[in-house]
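Below: the structure, in C-alpha cells.
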Amino acid sequence: MTKKRPTILVVNDDGITAPGIKVLLEVMQEIGNVVVVAPDSPQSGMGHAITIGKPLRLDKIDLYEGVEMYKCSGTPVDCVKLAVNKIFKGKKPDLCVSGINHGLNYSINVLYSGTMSAAVEGAIEGIPSIGYSLDDFHHNADFSHTRPWVKTIAEQVLLNGLPKNSLLNVNFPNKREEIKGIKICRQANAKWFEEFDERLDPYNREYFWMTGNFDLQDRGEDTDAYAILNGYVSIVPTQFDMTAHHVIPELNSWSFDK
C-alpha cells in the first residue's frame with residue numbers, strides 16, 4: 001500500500017514573493033502536498049499581531065506552477081488562522097513550516113519575529129510546527145546550503161512528532177563555510193538597545209526612525225547564538241506558555257492582605 005503523503009502548510013513573514021519561501025515550498029514538495037498561505041507584503045517584526053477592525057482578504061494566486069497558493073492581506077498569524085479555518089476547514093495539516101526568513105530569529109528576536117509567530121500559531125492549533133531562519137538579510141540570499149537540513153528536520157518532526165504546546169526554532173548560519181552539523185540549544189540571553197533617529201519630513205514635522213544594536217550578553221556554549229557563530233544549525237525547542245513557573249513559590253510567600 002502506498003503511504004499517504006503528508007499535507008504541509010507553508011507560511012512566512014517576508015511576503016509571498018520572497019525567495020526564502022520559494023526554497024521552503026520546493027523542499028516541502030519533496031516530502032508532501034503543499035499549501036502556501038503568506039502575506040501579500042513584507043510583515044517582518046509583526047510578532048503575534050492579528051488583524052482586528054478591518055477586513056482580511058485571501059486570494060488564490062498562480063505564482064508557481066502546480067502549487068496551491070494564497071496571498072493574505074493580514075499578518076503571518078492571520079495567514080495561519082485563515083488557512084486552518086477557511087482552506088483546511090478545521091482539518092489540520094500534518095505540518096506547519098514558516099520561513100525561510102531573511103535574517104536570524106535567535107535569542108530574544110523570537111519575541112518580535114513574524115516568522116516564528118506564524119509557527120507558534122500553528123503549534124497553538126495543535127499542528128507540529130517549525131520556524132526556519134537564515135543569517136542573511138539580503139533579498140538575493142543564498143539558501144542552497146539550507147535545503148538538506150530543512151528537509152531532514154521536517155522529516156524528523158513528521159516521524160516523531162513534537163510534545164504538546166511546543167515547536168522548533170531553527171536558525172542557519174550564512175554560507176561562509178560548510179555547515180558542521182546541528183546543535184540542540186537554549187535561547188541565548190541578549191537584548192536590543194534601541195536608538196531613535198530624529199528627523200523632519202518635507203512638512204517640517206518631526207518623526208523617528210528606529211535603529212539600534214544587538215547586545216549578546218550570554219557567553220554560554222549551549223546557546224543558539226554560539227551555534228550560529230560556530231557554523232552549526234541551531235534548534236531551540238520553543239513554547240508559548242510564558243508563565244515564570246519558578247517565581248510562583250516566591251509570590252505565594254508574599255502577603256497581599258489589606
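Each chain of the C-alpha cells is named A, B, ... in the order shown, its residues numbered from 1; ligands are numbered from 1 in display order.
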For Ile16 of chain A, please output as a ChimeraX atom specification all residues within 7 Å (counting only C-alpha atoms; exclusion window: fewer than 5 positions along the same chain).
/A:21,38-40,71
Please dump the current selection as an mmCIF file, in the first residue's frame; keep N, CA and C atoms.
data_model
loop_
_atom_site.group_PDB
_atom_site.id
_atom_site.type_symbol
_atom_site.label_atom_id
_atom_site.label_comp_id
_atom_site.auth_asym_id
_atom_site.auth_seq_id
_atom_site.Cartn_x
_atom_site.Cartn_y
_atom_site.Cartn_z
ATOM 1 N N ILE A 21 10.678 31.758 0.869
ATOM 2 C CA ILE A 21 9.508 30.880 0.889
ATOM 3 C C ILE A 21 9.486 29.978 -0.339
ATOM 4 N N ALA A 38 0.519 33.114 2.592
ATOM 5 C CA ALA A 38 1.534 34.073 3.037
ATOM 6 C C ALA A 38 1.043 35.500 2.839
ATOM 7 N N PRO A 39 1.628 36.435 3.579
ATOM 8 C CA PRO A 39 1.222 37.838 3.446
ATOM 9 C C PRO A 39 1.496 38.369 2.042
ATOM 10 N N ASP A 40 0.659 39.302 1.610
ATOM 11 C CA ASP A 40 0.843 39.883 0.276
ATOM 12 C C ASP A 40 1.945 40.938 0.243
ATOM 13 N N LYS A 71 -2.521 34.485 -1.207
ATOM 14 C CA LYS A 71 -1.939 35.670 -0.572
ATOM 15 C C LYS A 71 -2.979 36.274 0.357
#
Polymer residues at most 8 Å from Ser113 of chain A, only C-alpha atoms, same-chain spacing of 2 or more positions, as a list in words:
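With the cut-off at 8 Å, the set is Ser44, Gly45, Met46, Gly47, His48, Asn105, Asn109, Val110, Leu111, Thr115, Met116 and Ser117 of chain A.
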Could you write out that same residue set with C-alpha atoms as a PDB file, in the first residue's frame?
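Saved as part_15.pdb:
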ATOM      1  CA  SER A  44       8.752  41.405   9.473  1.00  0.00           C
ATOM      2  CA  GLY A  45       8.720  42.331  13.155  1.00  0.00           C
ATOM      3  CA  MET A  46       4.954  41.898  13.469  1.00  0.00           C
ATOM      4  CA  GLY A  47       5.299  39.333  16.238  1.00  0.00           C
ATOM      5  CA  HIS A  48       1.979  37.685  17.095  1.00  0.00           C
ATOM      6  CA  ASN A 105      15.477  34.759  14.690  1.00  0.00           C
ATOM      7  CA  ASN A 109      14.360  38.025  18.429  1.00  0.00           C
ATOM      8  CA  VAL A 110      11.924  35.127  18.718  1.00  0.00           C
ATOM      9  CA  LEU A 111       9.530  37.513  20.507  1.00  0.00           C
ATOM     10  CA  THR A 115       8.152  34.068  11.087  1.00  0.00           C
ATOM     11  CA  MET A 116       8.231  32.445  14.499  1.00  0.00           C
ATOM     12  CA  SER A 117       4.821  33.769  15.494  1.00  0.00           C
TER      13      SER A 117
END
Secondary structure check, alpha helix (DSSP H) residues of segment 77-190 of chain A, as a VMD selection string:
chain A and resid 77 to 82 114 to 124 147 to 160
Output the selection as a PDB file, in the first residue's frame - N, CA and C atoms for each residue.
ATOM      1  N   VAL A  77       0.330  35.567  11.430  1.00  0.00           N
ATOM      2  CA  VAL A  77      -0.597  34.806  12.267  1.00  0.00           C
ATOM      3  C   VAL A  77      -1.970  34.732  11.624  1.00  0.00           C
ATOM      4  N   ASP A  78      -2.422  35.834  11.013  1.00  0.00           N
ATOM      5  CA  ASP A  78      -3.671  35.802  10.261  1.00  0.00           C
ATOM      6  C   ASP A  78      -3.643  34.710   9.197  1.00  0.00           C
ATOM      7  N   CYS A  79      -2.490  34.566   8.545  1.00  0.00           N
ATOM      8  CA  CYS A  79      -2.360  33.566   7.475  1.00  0.00           C
ATOM      9  C   CYS A  79      -2.638  32.171   8.005  1.00  0.00           C
ATOM     10  N   VAL A  80      -2.081  31.845   9.176  1.00  0.00           N
ATOM     11  CA  VAL A  80      -2.292  30.519   9.748  1.00  0.00           C
ATOM     12  C   VAL A  80      -3.746  30.345  10.167  1.00  0.00           C
ATOM     13  N   LYS A  81      -4.312  31.361  10.805  1.00  0.00           N
ATOM     14  CA  LYS A  81      -5.705  31.271  11.241  1.00  0.00           C
ATOM     15  C   LYS A  81      -6.651  31.070  10.058  1.00  0.00           C
ATOM     16  N   LEU A  82      -6.444  31.828   8.989  1.00  0.00           N
ATOM     17  CA  LEU A  82      -7.293  31.686   7.816  1.00  0.00           C
ATOM     18  C   LEU A  82      -7.099  30.339   7.141  1.00  0.00           C
ATOM     19  N   GLY A 114       7.752  37.700  13.081  1.00  0.00           N
ATOM     20  CA  GLY A 114       6.533  37.229  12.432  1.00  0.00           C
ATOM     21  C   GLY A 114       6.676  35.802  11.948  1.00  0.00           C
ATOM     22  N   THR A 115       7.889  35.439  11.521  1.00  0.00           N
ATOM     23  CA  THR A 115       8.152  34.068  11.087  1.00  0.00           C
ATOM     24  C   THR A 115       7.861  33.086  12.208  1.00  0.00           C
ATOM     25  N   MET A 116       8.432  33.353  13.377  1.00  0.00           N
ATOM     26  CA  MET A 116       8.231  32.445  14.499  1.00  0.00           C
ATOM     27  C   MET A 116       6.811  32.505  15.046  1.00  0.00           C
ATOM     28  N   SER A 117       6.187  33.672  14.995  1.00  0.00           N
ATOM     29  CA  SER A 117       4.821  33.769  15.494  1.00  0.00           C
ATOM     30  C   SER A 117       3.859  32.957  14.643  1.00  0.00           C
ATOM     31  N   ALA A 118       4.113  32.881  13.339  1.00  0.00           N
ATOM     32  CA  ALA A 118       3.288  32.024  12.485  1.00  0.00           C
ATOM     33  C   ALA A 118       3.434  30.568  12.904  1.00  0.00           C
ATOM     34  N   ALA A 119       4.674  30.153  13.186  1.00  0.00           N
ATOM     35  CA  ALA A 119       4.899  28.781  13.648  1.00  0.00           C
ATOM     36  C   ALA A 119       4.270  28.561  15.022  1.00  0.00           C
ATOM     37  N   VAL A 120       4.372  29.559  15.899  1.00  0.00           N
ATOM     38  CA  VAL A 120       3.732  29.458  17.213  1.00  0.00           C
ATOM     39  C   VAL A 120       2.229  29.264  17.060  1.00  0.00           C
ATOM     40  N   GLU A 121       1.623  30.025  16.151  1.00  0.00           N
ATOM     41  CA  GLU A 121       0.180  29.890  15.932  1.00  0.00           C
ATOM     42  C   GLU A 121      -0.165  28.484  15.449  1.00  0.00           C
ATOM     43  N   GLY A 122       0.700  27.939  14.584  1.00  0.00           N
ATOM     44  CA  GLY A 122       0.488  26.558  14.165  1.00  0.00           C
ATOM     45  C   GLY A 122       0.494  25.614  15.355  1.00  0.00           C
ATOM     46  N   ALA A 123       1.453  25.804  16.271  1.00  0.00           N
ATOM     47  CA  ALA A 123       1.531  24.965  17.464  1.00  0.00           C
ATOM     48  C   ALA A 123       0.317  25.156  18.363  1.00  0.00           C
ATOM     49  N   ILE A 124      -0.158  26.389  18.483  1.00  0.00           N
ATOM     50  CA  ILE A 124      -1.369  26.651  19.271  1.00  0.00           C
ATOM     51  C   ILE A 124      -2.549  25.868  18.705  1.00  0.00           C
ATOM     52  N   ARG A 147      18.947  23.586   2.264  1.00  0.00           N
ATOM     53  CA  ARG A 147      17.944  22.636   1.762  1.00  0.00           C
ATOM     54  C   ARG A 147      17.982  21.262   2.438  1.00  0.00           C
ATOM     55  N   PRO A 148      19.141  20.587   2.478  1.00  0.00           N
ATOM     56  CA  PRO A 148      19.119  19.246   3.096  1.00  0.00           C
ATOM     57  C   PRO A 148      18.762  19.276   4.567  1.00  0.00           C
ATOM     58  N   TRP A 149      19.141  20.330   5.263  1.00  0.00           N
ATOM     59  CA  TRP A 149      18.842  20.437   6.689  1.00  0.00           C
ATOM     60  C   TRP A 149      17.365  20.751   6.921  1.00  0.00           C
ATOM     61  N   VAL A 150      16.803  21.636   6.102  1.00  0.00           N
ATOM     62  CA  VAL A 150      15.371  21.930   6.182  1.00  0.00           C
ATOM     63  C   VAL A 150      14.573  20.642   6.018  1.00  0.00           C
ATOM     64  N   LYS A 151      14.979  19.847   5.044  1.00  0.00           N
ATOM     65  CA  LYS A 151      14.243  18.613   4.749  1.00  0.00           C
ATOM     66  C   LYS A 151      14.344  17.602   5.872  1.00  0.00           C
ATOM     67  N   THR A 152      15.558  17.346   6.359  1.00  0.00           N
ATOM     68  CA  THR A 152      15.722  16.306   7.384  1.00  0.00           C
ATOM     69  C   THR A 152      15.059  16.680   8.700  1.00  0.00           C
ATOM     70  N   ILE A 153      15.072  17.975   9.043  1.00  0.00           N
ATOM     71  CA  ILE A 153      14.410  18.410  10.278  1.00  0.00           C
ATOM     72  C   ILE A 153      12.896  18.218  10.153  1.00  0.00           C
ATOM     73  N   ALA A 154      12.336  18.604   9.001  1.00  0.00           N
ATOM     74  CA  ALA A 154      10.897  18.422   8.779  1.00  0.00           C
ATOM     75  C   ALA A 154      10.528  16.944   8.801  1.00  0.00           C
ATOM     76  N   GLU A 155      11.346  16.123   8.183  1.00  0.00           N
ATOM     77  CA  GLU A 155      11.062  14.680   8.170  1.00  0.00           C
ATOM     78  C   GLU A 155      11.092  14.091   9.571  1.00  0.00           C
ATOM     79  N   GLN A 156      12.024  14.548  10.402  1.00  0.00           N
ATOM     80  CA  GLN A 156      12.098  14.052  11.767  1.00  0.00           C
ATOM     81  C   GLN A 156      10.882  14.467  12.592  1.00  0.00           C
ATOM     82  N   VAL A 157      10.398  15.681  12.364  1.00  0.00           N
ATOM     83  CA  VAL A 157       9.191  16.127  13.073  1.00  0.00           C
ATOM     84  C   VAL A 157       7.988  15.312  12.629  1.00  0.00           C
ATOM     85  N   LEU A 158       7.875  15.050  11.339  1.00  0.00           N
ATOM     86  CA  LEU A 158       6.763  14.232  10.843  1.00  0.00           C
ATOM     87  C   LEU A 158       6.842  12.807  11.396  1.00  0.00           C
ATOM     88  N   LEU A 159       8.047  12.289  11.524  1.00  0.00           N
ATOM     89  CA  LEU A 159       8.233  10.921  12.008  1.00  0.00           C
ATOM     90  C   LEU A 159       7.984  10.793  13.503  1.00  0.00           C
ATOM     91  N   ASN A 160       8.516  11.745  14.271  1.00  0.00           N
ATOM     92  CA  ASN A 160       8.500  11.628  15.728  1.00  0.00           C
ATOM     93  C   ASN A 160       7.452  12.478  16.423  1.00  0.00           C
TER      94      ASN A 160
END
Nearest to Tyr112 of chain A, restricted to only C-alpha atoms and choosing among A:Asp13, A:Asp142, A:Asp257, A:Glu125, comes out as A:Asp13
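Rounded to one decimal, atom CA of Phe214 of chain A and atom CA of Cys96 of chain A lie 29.2 Å from each other.
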Nearest-residue call for His102 of chain A, choices A:Tyr70, A:Phe193, A:Phe143, A:Phe88, using only C-alpha atoms
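Ranking A:Tyr70, A:Phe193, A:Phe143, A:Phe88 by distance to His102 of chain A, first place goes to A:Phe143.
For Pro237 of chain A, the residues within 8 Å (counting only C-alpha atoms, excluding itself and residues fewer than 3 positions away along the chain) are Ser166, Leu167, Leu168, Asn169, Ile184, Cys185 and Arg186 of chain A.
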Output C-alpha atoms for every residue in that selection, as a PDB file, in the first residue's frame.
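Final output, saved to out-v4.pdb:
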ATOM      1  CA  SER A 166       5.949  23.134  21.670  1.00  0.00           C
ATOM      2  CA  LEU A 167       7.604  23.913  18.330  1.00  0.00           C
ATOM      3  CA  LEU A 168      11.089  24.241  16.853  1.00  0.00           C
ATOM      4  CA  ASN A 169      13.034  27.433  16.181  1.00  0.00           C
ATOM      5  CA  ILE A 184      20.107  21.458  20.153  1.00  0.00           C
ATOM      6  CA  CYS A 185      20.320  24.697  22.119  1.00  0.00           C
ATOM      7  CA  ARG A 186      18.756  27.035  24.589  1.00  0.00           C
TER       8      ARG A 186
END
Quick check, in Å to one decimal: how far apart do atom CA of Thr243 of chain A and atom CA of Ile130 of chain A lie?
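Separating atom CA of Thr243 of chain A from atom CA of Ile130 of chain A is a distance of 21.8 Å.
Using only C-alpha atoms, the smallest distance between any of A:Leu200, A:Pro163, A:Gly15, A:Glu221 and Gln239 of chain A comes from A:Pro163.
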Find the residues near Lys191 of chain A: any atom within 7 Å, counting only C-alpha atoms, skip ones fewer than 6 places away on the same chain, and give them as a count of residues only.
4
